[in-house]
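A quick write-up on the structure given underneath.
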Amino acid sequence: MPHFDAFEDLVGRWRWRLVAGDDAVVATSGDSYETHWHAMRAAENVRGVAATAKISGAPALGKGDPLSAIVEREVQLERIGDPSLN
């Protein structure tokens, strides 16, 4: 069953992680926390926000996605070359 847990990192700080049903780690905290309790509170906040979060198609922080740019260019070229796609 998927679950959040917290672990102590190499410098003695705490981090949360989201573990899938097959025990694969699917997300981890970017920040570290002073205590296990604080890490689990942060995980609880993520769980609450994630339930209603939308998936954005835009790159984060305005950074371009090179693969997305290539795909978009290829799609445009295909549309120009195939009149039925226009």
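Following the order of the structure tokens, first chain is A, next is B, and so on, with residues numbered from 1 inside each chain and ligands from 1 in the order they appear.
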Report as a PyMOL selection string all protein, DNA and RNA residues lying within 12 Å of A:Trp14, evaluated on only C-alpha atoms, omitting residues in the same chain fewer than 6 positions from it. chain A and resi 5-8+28-43
As a ChimeraX atom specification, please: every residue in chain A that a backbone DSSP assignment puts in alpha helix (DSSP H). /A:36-50,66-81
What does the distance from atom CA of A:Arg47 to atom CA of A:Asp23 come to in Å, to one decimal? 17.8 Å
Stretch 7-78 of chain A: residues DSSP assigns to strand (DSSP E or B), reported as a list of chain:residue names: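 The strand (DSSP E or B) residues within stretch 7-78 of chain A come out as A:Phe7, A:Glu8, A:Trp14, A:Arg15, A:Trp16, A:Arg17, A:Leu18, A:Val19, A:Val25, A:Val26, A:Ala27, A:Thr28, A:Tyr33.
Here the question is which of A:Met1, A:Val49, A:Asp9, A:Ser68 gets nearest to A:Gly21 using only C-alpha atoms, and that residue is A:Met1.
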